[in-house]
Each structure stands twice: as C-alpha cells, then as structure tokens.
>>> print(open('protein-v5.cif').read())   # mmCIF, C-alpha atoms
data_start
#
loop_
_atom_site.label_atom_id
_atom_site.label_comp_id
_atom_site.auth_asym_id
_atom_site.auth_seq_id
_atom_site.Cartn_x
_atom_site.Cartn_y
_atom_site.Cartn_z
CA MET A 1 6.70 82.36 49.82
CA ILE A 2 7.04 80.76 53.24
CA LYS A 3 3.55 79.29 52.77
CA VAL A 4 4.57 77.75 49.51
CA LEU A 5 7.65 76.23 51.11
CA ILE A 6 5.57 74.83 53.97
CA VAL A 7 3.12 73.25 51.51
CA PHE A 8 6.01 71.79 49.46
CA ALA A 9 7.72 70.42 52.58
CA THR A 10 4.45 68.87 53.72
CA ILE A 11 3.99 67.13 50.35
CA VAL A 12 7.57 65.81 50.40
CA PHE A 13 7.14 64.57 53.95
CA GLY A 14 3.82 62.94 53.07
CA LEU A 15 5.32 61.14 50.09
CA ALA A 16 8.28 59.93 52.15
CA VAL A 17 5.92 58.50 54.78
CA VAL A 18 3.85 56.73 52.10
CA VAL A 19 6.95 55.21 50.46
CA LYS A 20 8.29 54.06 53.82
CA VAL A 21 5.01 52.51 54.87
CA ASN A 22 4.77 50.71 51.52
CA ALA A 23 8.34 49.49 51.78
CA GLN A 24 7.65 48.15 55.26
CA THR A 25 4.51 46.38 54.07
CA ILE A 26 6.11 44.80 50.98
CA THR A 27 9.38 43.64 52.46
CA PRO A 28 7.97 40.97 54.75
CA ARG A 29 5.76 39.59 51.89
CA THR A 30 8.64 39.06 49.36
CA PRO A 31 9.78 35.58 50.56
CA ASN A 32 6.20 34.28 50.36
CA LEU A 33 5.86 35.50 46.80
CA ILE A 34 9.13 33.89 45.78
CA ASN A 35 8.08 30.67 47.43
CA ARG A 36 4.79 30.72 45.61
CA LEU A 37 6.50 31.39 42.29
CA GLU A 38 8.99 28.61 42.96
CA SER A 39 6.18 26.27 43.85
CA ARG A 40 4.30 27.17 40.69
CA ALA A 41 7.44 26.60 38.56
CA THR A 42 8.04 23.21 40.16
CA LYS A 43 4.43 22.23 39.58
CA ALA A 44 4.59 23.36 35.93
CA ALA A 45 7.80 21.39 35.40
CA ALA A 46 6.19 18.31 36.94
CA ASN A 47 3.15 18.74 34.68
CA GLN A 48 5.38 19.05 31.63
CA SER A 49 7.28 15.95 32.65
CA GLN A 50 4.03 13.99 33.12
CA ARG A 51 2.76 15.27 29.77
CA LEU A 52 6.00 14.22 28.07
CA GLU A 53 5.66 10.78 29.63
CA ARG A 54 2.02 10.46 28.45
CA ILE A 55 3.02 11.45 24.90
CA LYS A 56 5.82 8.87 24.90
CA ILE A 57 3.48 6.11 26.13
CA GLU A 58 0.84 7.00 23.53
CA ALA A 59 3.42 7.22 20.73
CA GLY A 60 4.80 3.84 21.79
CA ARG A 61 1.29 2.35 21.61
CA LEU A 62 0.63 3.78 18.14
CA ILE A 63 3.97 2.55 16.81
CA GLU A 64 3.52 -0.89 18.36
CA ASN A 65 0.06 -1.28 16.75
CA ARG A 66 1.49 -0.36 13.37
CA ILE A 67 4.47 -2.69 13.68
CA THR A 68 2.12 -5.55 14.68
CA SER A 69 0.00 -4.93 11.57
CA LEU A 70 3.12 -4.73 9.39
CA ASN A 71 4.50 -7.98 10.80
CA LYS A 72 1.20 -9.72 9.97
CA LEU A 73 1.48 -8.38 6.44
CA LEU A 74 5.08 -9.57 6.24
CA GLN A 75 3.94 -13.04 7.28
CA ARG A 76 1.22 -12.94 4.63
CA VAL A 77 3.81 -12.11 1.95
CA THR A 78 6.26 -14.77 3.18
CA ASN A 79 3.60 -17.50 3.19
CA ASN A 80 2.31 -16.62 -0.28
CA SER A 81 3.20 -19.57 -2.49
CA GLY A 82 2.24 -17.92 -5.78
CA LEU A 83 4.86 -15.16 -5.66
CA SER A 84 8.30 -15.40 -7.23
CA PRO A 85 11.32 -14.94 -4.90
CA ASP A 86 11.94 -11.49 -6.45
CA GLU A 87 8.37 -10.34 -5.83
CA LYS A 88 8.49 -11.66 -2.26
CA SER A 89 11.81 -9.95 -1.66
CA SER A 90 10.57 -6.64 -3.08
CA LEU A 91 7.40 -6.56 -0.95
CA SER A 92 9.14 -7.86 2.18
CA SER A 93 11.94 -5.30 1.98
CA GLN A 94 9.41 -2.45 1.64
CA ILE A 95 7.61 -3.66 4.77
CA GLN A 96 10.83 -4.23 6.72
CA LEU A 97 12.12 -0.78 5.78
CA THR A 98 8.95 0.81 7.17
CA ILE A 99 9.21 -1.23 10.40
CA ASP A 100 12.83 -0.12 10.83
CA SER A 101 11.87 3.48 10.17
CA LEU A 102 9.10 3.34 12.80
CA ASN A 103 11.54 1.86 15.32
CA THR A 104 13.95 4.74 14.64
CA LEU A 105 11.11 7.21 15.22
CA ARG A 106 10.22 5.46 18.49
CA ALA A 107 13.84 5.82 19.67
CA LYS A 108 13.75 9.54 18.80
CA ILE A 109 10.51 10.12 20.70
CA ASP A 110 11.85 8.17 23.69
CA ALA A 111 14.89 10.44 23.71
CA ASP A 112 12.85 13.66 23.41
CA THR A 113 13.13 15.92 26.48
CA ASP A 114 10.51 18.45 25.51
CA ALA A 115 6.77 17.67 25.42
CA ASP A 116 6.01 19.87 22.40
CA THR A 117 8.81 18.26 20.34
CA ALA A 118 7.62 14.80 21.39
CA LYS A 119 4.06 15.68 20.37
CA THR A 120 5.21 16.93 16.96
CA ASP A 121 7.22 13.72 16.48
CA ALA A 122 4.27 11.59 17.63
CA LYS A 123 2.02 13.20 15.02
CA THR A 124 4.43 12.07 12.27
CA ILE A 125 3.58 8.43 13.13
CA ILE A 126 0.30 9.15 11.36
CA THR A 127 1.05 12.02 8.99
CA ASN A 128 4.41 10.81 7.59
CA TYR A 129 3.72 7.10 7.25
CA TYR A 130 0.02 6.64 6.48
CA ILE A 131 0.41 2.98 7.44
CA TYR A 132 -3.34 2.28 7.46
CA LYS A 133 -4.45 4.84 4.91
CA MET A 134 -1.82 4.13 2.25
CA PHE A 135 0.98 1.67 2.98
CA ILE A 136 -0.90 -1.52 3.97
CA PRO A 137 -3.58 -1.08 1.24
CA LYS A 138 -0.81 -0.49 -1.31
CA ILE A 139 1.03 -3.70 -0.36
CA ARG A 140 -2.23 -5.71 -0.24
CA LEU A 141 -3.13 -4.51 -3.74
CA LEU A 142 0.40 -5.25 -5.02
CA LEU A 143 0.07 -8.72 -3.52
CA ALA A 144 -3.24 -9.23 -5.34
CA ILE A 145 -1.75 -7.97 -8.62
CA ASP A 146 1.38 -10.15 -8.31
CA ASN A 147 -0.78 -13.22 -7.66
CA LEU A 148 -3.07 -12.44 -10.59
CA GLN A 149 -0.05 -11.93 -12.83
CA ALA A 150 1.26 -15.34 -11.75
CA LEU A 151 -2.16 -16.81 -12.52
CA SER A 152 -2.09 -15.17 -15.93
CA VAL A 153 1.31 -16.74 -16.67
CA LYS A 154 -0.05 -20.19 -15.74
CA LEU A 155 -3.09 -19.66 -17.95
CA SER A 156 -0.82 -18.63 -20.83
CA GLU A 157 1.04 -21.93 -20.41
CA THR A 158 -2.28 -23.77 -20.41
CA SER A 159 -3.30 -21.87 -23.53
CA ALA A 160 -0.09 -22.92 -25.32
CA SER A 161 -0.72 -26.53 -24.30
CA ILE A 162 -4.31 -26.36 -25.58
CA GLN A 163 -3.08 -24.85 -28.86
CA ASN A 164 -0.73 -27.84 -29.30
CA LEU A 165 -3.63 -30.22 -28.74
CA ILE A 166 -5.81 -28.31 -31.22
CA ASN A 167 -3.01 -28.55 -33.82
CA THR A 168 -2.73 -32.29 -33.23
CA LEU A 169 -6.49 -32.77 -33.54
CA GLU A 170 -6.58 -30.66 -36.70
CA ASN A 171 -3.91 -32.88 -38.20
CA GLU A 172 -6.13 -35.84 -37.36
CA GLY A 173 -8.92 -34.19 -39.33
CA LYS A 174 -11.04 -33.16 -36.36
CA ASP A 175 -13.18 -30.01 -36.39
CA THR A 176 -11.61 -27.73 -33.78
CA SER A 177 -13.10 -24.42 -34.95
CA VAL A 178 -15.24 -23.95 -31.82
CA ILE A 179 -12.36 -24.72 -29.44
CA GLN A 180 -10.04 -22.46 -31.43
CA GLY A 181 -12.56 -19.61 -31.11
CA LEU A 182 -12.76 -20.13 -27.36
CA LEU A 183 -8.98 -20.26 -27.06
CA ASP A 184 -8.63 -17.05 -29.08
CA ASP A 185 -11.05 -15.36 -26.71
CA MET A 186 -9.06 -16.67 -23.73
CA ASN A 187 -5.84 -15.24 -25.19
CA SER A 188 -7.54 -11.94 -25.91
CA GLN A 189 -8.79 -11.72 -22.29
CA LEU A 190 -5.30 -12.59 -21.02
CA SER A 191 -3.83 -9.79 -23.10
CA ILE A 192 -6.28 -7.25 -21.61
CA ILE A 193 -5.60 -8.59 -18.11
CA ASN A 194 -1.81 -8.36 -18.54
CA THR A 195 -1.97 -4.74 -19.73
CA THR A 196 -4.29 -3.66 -16.91
CA LEU A 197 -2.28 -5.43 -14.21
CA ALA A 198 1.04 -4.05 -15.47
CA ASN A 199 -0.34 -0.47 -15.54
CA ASP A 200 -1.86 -0.78 -12.08
CA LYS A 201 1.34 -2.24 -10.68
CA THR A 202 3.31 0.75 -11.97
CA LYS A 203 0.77 3.14 -10.43
CA LEU A 204 1.09 1.41 -7.06
CA GLU A 205 4.86 1.19 -7.14
CA THR A 206 5.18 4.94 -7.70
CA LEU A 207 2.64 5.75 -5.00
CA SER A 208 3.92 7.81 -2.08
CA THR A 209 2.45 9.57 0.96
CA THR A 210 2.33 12.80 -1.06
CA SER A 211 0.31 11.20 -3.89
CA ASP A 212 -3.44 11.37 -4.22
CA PHE A 213 -3.53 7.74 -3.15
CA GLN A 214 -7.28 7.55 -2.49
CA THR A 215 -8.01 8.37 -6.15
CA VAL A 216 -5.44 5.78 -7.29
CA PHE A 217 -6.99 3.14 -5.00
CA VAL A 218 -10.48 3.84 -6.38
CA GLN A 219 -9.18 3.46 -9.95
CA ILE A 220 -7.34 0.24 -9.13
CA ARG A 221 -10.39 -1.28 -7.44
CA LYS A 222 -12.38 -0.46 -10.57
CA ASP A 223 -9.68 -2.09 -12.74
CA MET A 224 -9.61 -5.15 -10.49
CA ALA A 225 -13.36 -5.58 -10.94
CA GLU A 226 -12.82 -5.56 -14.72
CA VAL A 227 -9.89 -7.98 -14.43
CA ARG A 228 -12.08 -10.29 -12.39
CA SER A 229 -14.70 -10.14 -15.10
CA ASN A 230 -12.02 -10.99 -17.71
CA PHE A 231 -10.94 -14.00 -15.65
CA ALA A 232 -14.60 -15.06 -15.36
CA LYS A 233 -14.81 -15.05 -19.18
CA ILE A 234 -11.67 -17.20 -19.33
CA ARG A 235 -13.22 -19.60 -16.86
CA ASN A 236 -16.30 -19.78 -19.03
CA ASP A 237 -14.12 -20.40 -22.13
CA ILE A 238 -12.29 -23.20 -20.33
CA ALA A 239 -15.57 -24.80 -19.21
CA GLN A 240 -16.83 -24.77 -22.80
CA MET A 241 -13.53 -26.15 -24.11
CA ARG A 242 -13.81 -29.01 -21.62
CA THR A 243 -17.24 -29.87 -22.99
CA ASN A 244 -15.90 -29.79 -26.55
CA PHE A 245 -12.87 -31.91 -25.72
CA ARG A 246 -15.17 -34.43 -24.03
CA GLY A 247 -17.21 -34.56 -27.26
CA ILE A 248 -14.10 -35.13 -29.39
CA ARG A 249 -12.90 -37.83 -27.01
CA ARG A 250 -16.28 -39.61 -27.15
CA SER A 251 -16.30 -39.44 -30.95
CA THR A 252 -12.75 -40.85 -31.06
CA THR A 253 -13.43 -43.78 -28.74
CA ALA A 254 -16.98 -44.51 -30.01
CA ILE A 255 -17.45 -47.97 -31.56
CA PRO A 256 -18.77 -47.55 -35.10
CA THR A 257 -22.23 -49.04 -35.58
CA PRO A 258 -22.33 -51.96 -38.05
CA MET B 1 65.02 -43.63 -0.05
CA SER B 2 62.82 -46.38 1.44
CA LYS B 3 61.33 -43.80 3.85
CA SER B 4 60.35 -41.52 0.93
CA PHE B 5 58.80 -44.46 -0.84
CA LEU B 6 56.73 -45.25 2.26
CA TYR B 7 55.48 -41.64 2.48
CA LEU B 8 54.54 -41.70 -1.21
CA ALA B 9 52.71 -45.00 -0.85
CA GLY B 10 50.93 -43.71 2.25
CA GLY B 11 49.85 -40.58 0.34
CA ILE B 12 48.49 -42.65 -2.54
CA VAL B 13 46.57 -44.92 -0.16
CA LEU B 14 45.12 -41.86 1.59
CA LEU B 15 44.02 -40.35 -1.72
CA LEU B 16 42.45 -43.62 -2.82
CA ALA B 17 40.62 -43.86 0.51
CA ILE B 18 39.25 -40.33 0.12
CA ALA B 19 38.17 -40.96 -3.49
CA GLY B 20 36.57 -44.29 -2.52
CA GLY B 21 34.75 -42.70 0.42
CA TYR B 22 33.42 -39.93 -1.78
CA LEU B 23 32.18 -42.39 -4.42
CA PHE B 24 30.62 -44.59 -1.74
CA LEU B 25 28.74 -41.73 -0.08
CA SER B 26 27.63 -40.09 -3.29
CA ARG B 27 25.95 -43.16 -4.75
CA PRO B 28 22.23 -42.70 -5.48
CA ASN B 29 19.77 -43.33 -2.62
CA ASN B 30 22.56 -43.72 -0.13
CA SER B 31 20.89 -44.25 3.24
CA ALA B 32 23.90 -42.70 5.01
CA THR B 33 23.17 -39.34 3.43
CA THR B 34 19.39 -39.27 3.67
CA TYR B 35 19.68 -36.46 6.23
CA MET B 36 20.67 -34.17 3.40
CA PRO B 37 17.82 -31.97 2.17
CA THR B 38 16.44 -33.03 -1.14
CA THR B 39 14.89 -30.49 -3.46
CA THR B 40 11.50 -31.38 -4.80
CA GLN B 41 9.81 -29.53 -7.57
CA ASN B 42 6.08 -29.16 -7.64
CA VAL B 43 4.70 -30.30 -10.93
CA SER B 44 2.12 -27.82 -12.01
CA PRO B 45 -0.87 -29.29 -13.82
CA THR B 46 -0.09 -26.92 -16.67
CA SER B 47 3.43 -28.33 -17.06
CA VAL B 48 1.93 -31.66 -18.17
CA PRO B 49 0.99 -31.56 -21.85
CA ILE B 50 -2.75 -31.55 -22.42
CA THR B 51 -4.02 -34.46 -24.45
CA THR B 52 -7.49 -35.58 -25.50
CA GLU B 53 -7.40 -38.08 -22.63
CA ASN B 54 -6.39 -35.72 -19.83
CA ALA B 55 -7.95 -32.48 -21.20
CA ASP B 56 -11.07 -32.75 -19.04
CA GLU B 57 -9.17 -33.31 -15.82
CA ALA B 58 -6.40 -30.78 -16.60
CA LEU B 59 -8.87 -28.03 -17.48
CA ASN B 60 -10.98 -28.86 -14.45
CA GLN B 61 -7.88 -28.39 -12.33
CA THR B 62 -7.10 -25.10 -14.08
CA GLU B 63 -10.63 -23.87 -13.37
CA ALA B 64 -10.28 -24.78 -9.69
CA GLU B 65 -6.91 -23.04 -9.48
CA LEU B 66 -8.36 -19.97 -11.16
CA GLU B 67 -11.19 -19.86 -8.65
CA THR B 68 -8.81 -20.20 -5.68
CA GLU B 69 -6.52 -17.42 -6.91
CA LEU B 70 -9.44 -15.10 -7.66
CA ASN B 71 -10.84 -15.66 -4.16
CA GLN B 72 -7.44 -14.88 -2.66
CA ALA B 73 -7.17 -11.70 -4.75
CA ASP B 74 -10.68 -10.71 -3.65
CA GLU B 75 -9.61 -11.08 -0.02
CA ASP B 76 -6.56 -8.86 -0.54
CA ILE B 77 -8.55 -6.21 -2.41
CA LYS B 78 -11.25 -6.22 0.27
CA ALA B 79 -8.66 -5.98 3.05
CA ALA B 80 -6.98 -3.07 1.25
CA GLN B 81 -10.28 -1.22 0.95
CA GLU B 82 -11.26 -1.82 4.58
CA THR B 83 -7.86 -0.72 5.91
CA SER B 84 -7.83 2.39 3.75
CA ALA B 85 -11.39 3.37 4.67
CA GLY B 86 -10.90 2.70 8.39
CA THR B 87 -10.88 5.46 10.99
CA ILE B 88 -7.87 4.33 13.02
CA SER B 89 -5.64 7.10 11.64
CA GLN B 90 -8.10 9.89 12.52
CA GLU B 91 -8.67 8.43 15.98
CA ASP B 92 -4.92 8.15 16.59
CA LEU B 93 -4.32 11.71 15.41
CA SER B 94 -7.06 13.03 17.71
CA SER B 95 -5.56 11.06 20.56
CA VAL B 96 -2.11 12.64 20.00
CA ASN B 97 -3.60 16.11 19.52
CA SER B 98 -5.37 15.87 22.86
CA LEU B 99 -2.09 15.35 24.74
#
>>> encode(input="protein-v5.cif", output="structure tokens")
Amino acid sequence: MIKVLIVFATIVFGLAVVVKVNAQTITPRTPNLINRLESRATKAAANQSQRLERIKIEAGRLIENRITSLNKLLQRVTNNSGLSPDEKSSLSSQIQLTIDSLNTLRAKIDADTDADTAKTDAKTIITNYYIYKMFIPKIRLLLAIDNLQALSVKLSETSASIQNLINTLENEGKDTSVIQGLLDDMNSQLSIINTTLANDKTKLETLSTTSDFQTVFVQIRKDMAEVRSNFAKIRNDIAQMRTNFRGIRRSTTAIPTP
Amino acid sequence: MSKSFLYLAGGIVLLLAIAGGYLFLSRPNNSATTYMPTTTQNVSPTSVPITTENADEALNQTEAELETELNQADEDIKAAQETSAGTISQEDLSSVNSL
C-alpha cells in the first residue's frame, strides 16, 4: 500500500514539475506571439485596403471607357440629320440613362469599404450592362433602321410624284406601261422593306440584357442584308425609269421630219 | 380736370409710340432685327414635283441619296457587329476577376 502511495506521489510530483516548467517556458513567449499576430493582422488589413483601392481604380477605368464610348454614340445620334426629333430624343435618352446609371455605380464602388463587395459591384459593370456586347450594337442597329425608314418615306414621296407624272403622261397619250411596271416594283419593294424594318425595330426595342441578344443580332443582320438587296432593286428601277423618262422627253421635244 | 386730360393724352401718345415702334421693327427685312434667328427649311428634292423636264435630274439625285443612306446604314451595321463580336467585355471581366 505504501509502495502504491509512493508511486502515486511520484507521478503527481512529476506532473507538477512538467506543468511548471512548461508554464515558465510559455509565459515569456506570449508577448512575442501577440506582437506577431498583431503584425499579421495589420499587414492583412493593409493588403485588403490596397486591394480595395486597386479594384476601385480598375472599376473607374472600365466605367470611364464605357462612358467615353457612349458619349461618342450620343454625338453620332445628335449629328444624324436623317432622324426625326422624336427618334433622336428616344435614342439619346436611352444612352443618357445608361451613362447616369454607370455614374451611380461608380459612386457606389467609390463608397465601398470592403474589397469583396467592391469586386462584386465592379463585375456588374460588365454583367449588368453589356455595353459592348448588347447596348451599343442595339443603338447602332436602331440608328441604321431609323435612317432606312426615313429613306423609305422619302422614296414613297418620290414614288407618289412619279405616279403623278405617269398619270399626266398617260393623259397626253404617252405609253407609260414600262415605267408603271417599274414603279409598281419599287412600291412592292418599299412595302417589304417597311414590314421588315418595323419588325426588326420592335425586336430591338424589346431587347434587354436577359434576352438572347446574339441570336436577335444575327437575325437582324440577315434582314438588313435583304433590305439592302430590296433597296438595290429600287435603285435599279429608278435608273431604268430615268432612261425611260429621257426617251419620252426626247420624243416630246423631237422635231418631226418633213 | 386739365391735369387728368394731360395724363390721358400722355397715355395715348405712349400707346401710339409703342404701336408705331412695333410696326416699324416688324416690317419685312428690317435690318435692325437681322440678329434674330431665321428658320430655313431644307427643300428636299422629293418635295419638288417631278416633271418630264426635271425627272432625269430628280431621279439622279434620289439615286445618290439612296446610295449615301445605304452606305451610312452599312457603317452602322458593321460597327454594331464589330462591337458585339469584340473581346473587350471578356478581357475586362478577367481583369476584375484577377483582383
């Protein structure tokens, strides 16, 4: 029994010595550890701050590039002489609204205090706006369609004027059947053009960042190629009408042979 | 009584002076008002009626206008395609992702 007690007491003593020695060894090291941890925390905070700053600078650059491109587009719309004031106003306000929205986003990113939040916000410059992928191409195509619609209106006026001349010549007993055929073809082409342009304009106006805009753009480019071909036929009709009118004029002014 | 009459006469003279001044300044081609912007309206070739005499020239002008507008539309369509197919967006997204 005494032996057991001696062994137990020895173990307890041994453990006490070990704990004491350990305590003595650790205690002097604690301030160093805290200092190191503090230093690491300061360094991490500085890194985060630098990262936040880099994100803000990069976001600012991306937004600035987009606003520059949008301002060029705005200038292009403003200087377009073929558009009606309503069409100009509609396109300009869409562009201005996007510029304002990007400026609001820039202010938000500038005010961000956390790098991860700033990074998430910076990504939305690309993923929420699609300025290059969707917005600018959409406005450029709308611009092309508006101009072609204006051209179509002018050609319709020309067509009406030609029809009046044909009627006058018919009353004078001239053969206008060829010119009438060409004019009918011109009107038919204009009708196809007007339908295609109106449909494409609707498609573009309802286009958003969540739409399958690439597919819509492909379809519109295909339509535009057809519209161009329709206009080429009209040009050909007009060229032939010119030749015919020249012939009628010559026959009218020709001096009859004795 | 005579004072009231003078005021009335003065008022009438003033009104006549204003009316005369207005008529003087508003006469056509008044050099004193040439600073005022004048609105000019572009006469489109299509707004002139086409006759046998001017048909050749008018249609020639229409053809030229058609060509100009088609070229402009081509430019816009081409620019739209190039912008849409460009890689700026992917490059910008990679740049943000790397931060």
>>> closest_atom_pairs(input="protein-v5.cif", of="chain A", to="chain B", cutoff="8 Å", atoms="only C-alpha atoms", output="Markdown table")
| residue | atom | partner | partner_atom | distance |
| --- | --- | --- | --- | --- |
| A:Arg51 | CA | B:Leu99 | CA | 7.0 |
| A:Arg54 | CA | B:Leu99 | CA | 7.4 |
| A:Ile55 | CA | B:Leu99 | CA | 6.4 |
| A:Glu58 | CA | B:Val96 | CA | 7.3 |
| A:Ala59 | CA | B:Val96 | CA | 7.8 |
| A:Leu62 | CA | B:Asp92 | CA | 7.2 |
| A:Lys119 | CA | B:Val96 | CA | 6.9 |
| A:Ala122 | CA | B:Val96 | CA | 6.9 |
| A:Lys123 | CA | B:Val96 | CA | 6.5 |
| A:Ile126 | CA | B:Ser89 | CA | 6.3 |
| A:Tyr130 | CA | B:Ser89 | CA | 7.7 |
| A:Tyr132 | CA | B:Thr83 | CA | 5.6 |
| A:Lys133 | CA | B:Ser84 | CA | 4.3 |
| A:Met134 | CA | B:Ser84 | CA | 6.4 |
| A:Ile136 | CA | B:Ala80 | CA | 6.8 |
| A:Pro137 | CA | B:Ala80 | CA | 3.9 |
| A:Lys138 | CA | B:Ala80 | CA | 7.2 |
| A:Arg140 | CA | B:Asp76 | CA | 5.4 |
| A:Leu141 | CA | B:Ile77 | CA | 5.8 |
| A:Leu143 | CA | B:Asp76 | CA | 7.3 |
| A:Ala144 | CA | B:Ala73 | CA | 4.7 |
| A:Ile145 | CA | B:Ala73 | CA | 7.6 |
| A:Asn147 | CA | B:Glu69 | CA | 7.2 |
| A:Leu148 | CA | B:Glu69 | CA | 7.1 |
| A:Leu151 | CA | B:Leu66 | CA | 7.1 |
| A:Lys154 | CA | B:Thr46 | CA | 6.8 |
| A:Leu155 | CA | B:Thr62 | CA | 7.8 |
| A:Glu157 | CA | B:Thr46 | CA | 6.3 |
| A:Thr158 | CA | B:Thr46 | CA | 5.4 |
| A:Ser161 | CA | B:Ile50 | CA | 5.7 |
| A:Ile162 | CA | B:Ile50 | CA | 6.3 |
| A:Leu165 | CA | B:Thr51 | CA | 6.0 |
| A:Arg221 | CA | B:Ile77 | CA | 7.3 |
| A:Arg228 | CA | B:Leu70 | CA | 7.2 |
| A:Phe231 | CA | B:Leu66 | CA | 7.9 |
| A:Arg235 | CA | B:Glu63 | CA | 6.1 |
| A:Ile238 | CA | B:Leu59 | CA | 6.6 |
| A:Ala239 | CA | B:Leu59 | CA | 7.6 |
| A:Arg242 | CA | B:Asp56 | CA | 5.3 |
| A:Thr243 | CA | B:Asp56 | CA | 7.9 |
| A:Phe245 | CA | B:Thr52 | CA | 6.5 |
| A:Arg246 | CA | B:Asp56 | CA | 6.7 |
| A:Ile248 | CA | B:Thr52 | CA | 7.7 |
| A:Arg249 | CA | B:Thr52 | CA | 6.1 |
>>> residues_around(input="protein-v5.cif", residues="segment 98-109 of chain A", least_positions_apart="5", cutoff="7 Å", atoms="only C-alpha atoms", output="number ranges by chain")
A: 56, 60, 63, 67, 118, 121
>>> write_last_selection(input="protein-v5.cif", atoms="C-alpha atoms", output="PDB file, in the frame of the given file")
ATOM      1  CA  LYS A  56       5.820   8.870  24.900  1.00  0.00           C
ATOM      2  CA  GLY A  60       4.800   3.840  21.790  1.00  0.00           C
ATOM      3  CA  ILE A  63       3.970   2.550  16.810  1.00  0.00           C
ATOM      4  CA  ILE A  67       4.470  -2.690  13.680  1.00  0.00           C
ATOM      5  CA  ALA A 118       7.620  14.800  21.390  1.00  0.00           C
ATOM      6  CA  ASP A 121       7.220  13.720  16.480  1.00  0.00           C
TER       7      ASP A 121
END
>>> atom_distance(input="protein-v5.cif", atom1="atom CA of Lys233 of chain A", atom2="atom CA of Thr168 of chain A")
25.3 Å
>>> atom_distance(input="protein-v5.cif", atom1="atom CA of Glu226 of chain A", atom2="atom CA of Leu83 of chain A")
22.1 Å
>>> build_atoms(input="protein-v5.cif", residues="segment 71-83 of chain B", atoms="N, CA, C and O atoms", output="compact mmCIF listing (two decimals), in the frame of the given file")
# COMPACT_ATOMS: atom_id res chain seq x y z
N ASN B 71 -10.33 -15.86 -5.52
CA ASN B 71 -10.84 -15.66 -4.16
C ASN B 71 -9.79 -15.00 -3.28
O ASN B 71 -10.09 -14.12 -2.48
N GLN B 72 -8.54 -15.45 -3.44
CA GLN B 72 -7.44 -14.88 -2.66
C GLN B 72 -7.25 -13.40 -3.01
O GLN B 72 -7.08 -12.56 -2.12
N ALA B 73 -7.31 -13.10 -4.31
CA ALA B 73 -7.17 -11.70 -4.75
C ALA B 73 -8.32 -10.85 -4.20
O ALA B 73 -8.10 -9.72 -3.75
N ASP B 74 -9.52 -11.43 -4.20
CA ASP B 74 -10.68 -10.71 -3.65
C ASP B 74 -10.45 -10.35 -2.19
O ASP B 74 -10.76 -9.25 -1.75
N GLU B 75 -9.88 -11.31 -1.45
CA GLU B 75 -9.61 -11.08 -0.02
C GLU B 75 -8.64 -9.93 0.16
O GLU B 75 -8.83 -9.06 1.02
N ASP B 76 -7.57 -9.92 -0.65
CA ASP B 76 -6.56 -8.86 -0.54
C ASP B 76 -7.14 -7.50 -0.91
O ASP B 76 -6.86 -6.50 -0.26
N ILE B 77 -7.95 -7.48 -1.97
CA ILE B 77 -8.55 -6.21 -2.41
C ILE B 77 -9.52 -5.69 -1.34
O ILE B 77 -9.52 -4.50 -1.03
N LYS B 78 -10.30 -6.61 -0.78
CA LYS B 78 -11.25 -6.22 0.27
C LYS B 78 -10.51 -5.69 1.50
O LYS B 78 -10.87 -4.66 2.07
N ALA B 79 -9.44 -6.40 1.88
CA ALA B 79 -8.66 -5.98 3.05
C ALA B 79 -8.05 -4.60 2.80
O ALA B 79 -8.03 -3.76 3.71
N ALA B 80 -7.58 -4.38 1.59
CA ALA B 80 -6.98 -3.07 1.25
C ALA B 80 -8.01 -1.97 1.40
O ALA B 80 -7.73 -0.91 1.97
N GLN B 81 -9.21 -2.23 0.90
CA GLN B 81 -10.28 -1.22 0.95
C GLN B 81 -10.68 -0.94 2.41
O GLN B 81 -10.82 0.23 2.80
N GLU B 82 -10.83 -2.00 3.18
CA GLU B 82 -11.26 -1.82 4.58
C GLU B 82 -10.21 -1.06 5.39
O GLU B 82 -10.54 -0.19 6.19
N THR B 83 -8.93 -1.39 5.16
CA THR B 83 -7.86 -0.72 5.91
C THR B 83 -7.80 0.75 5.53
O THR B 83 -7.65 1.62 6.39
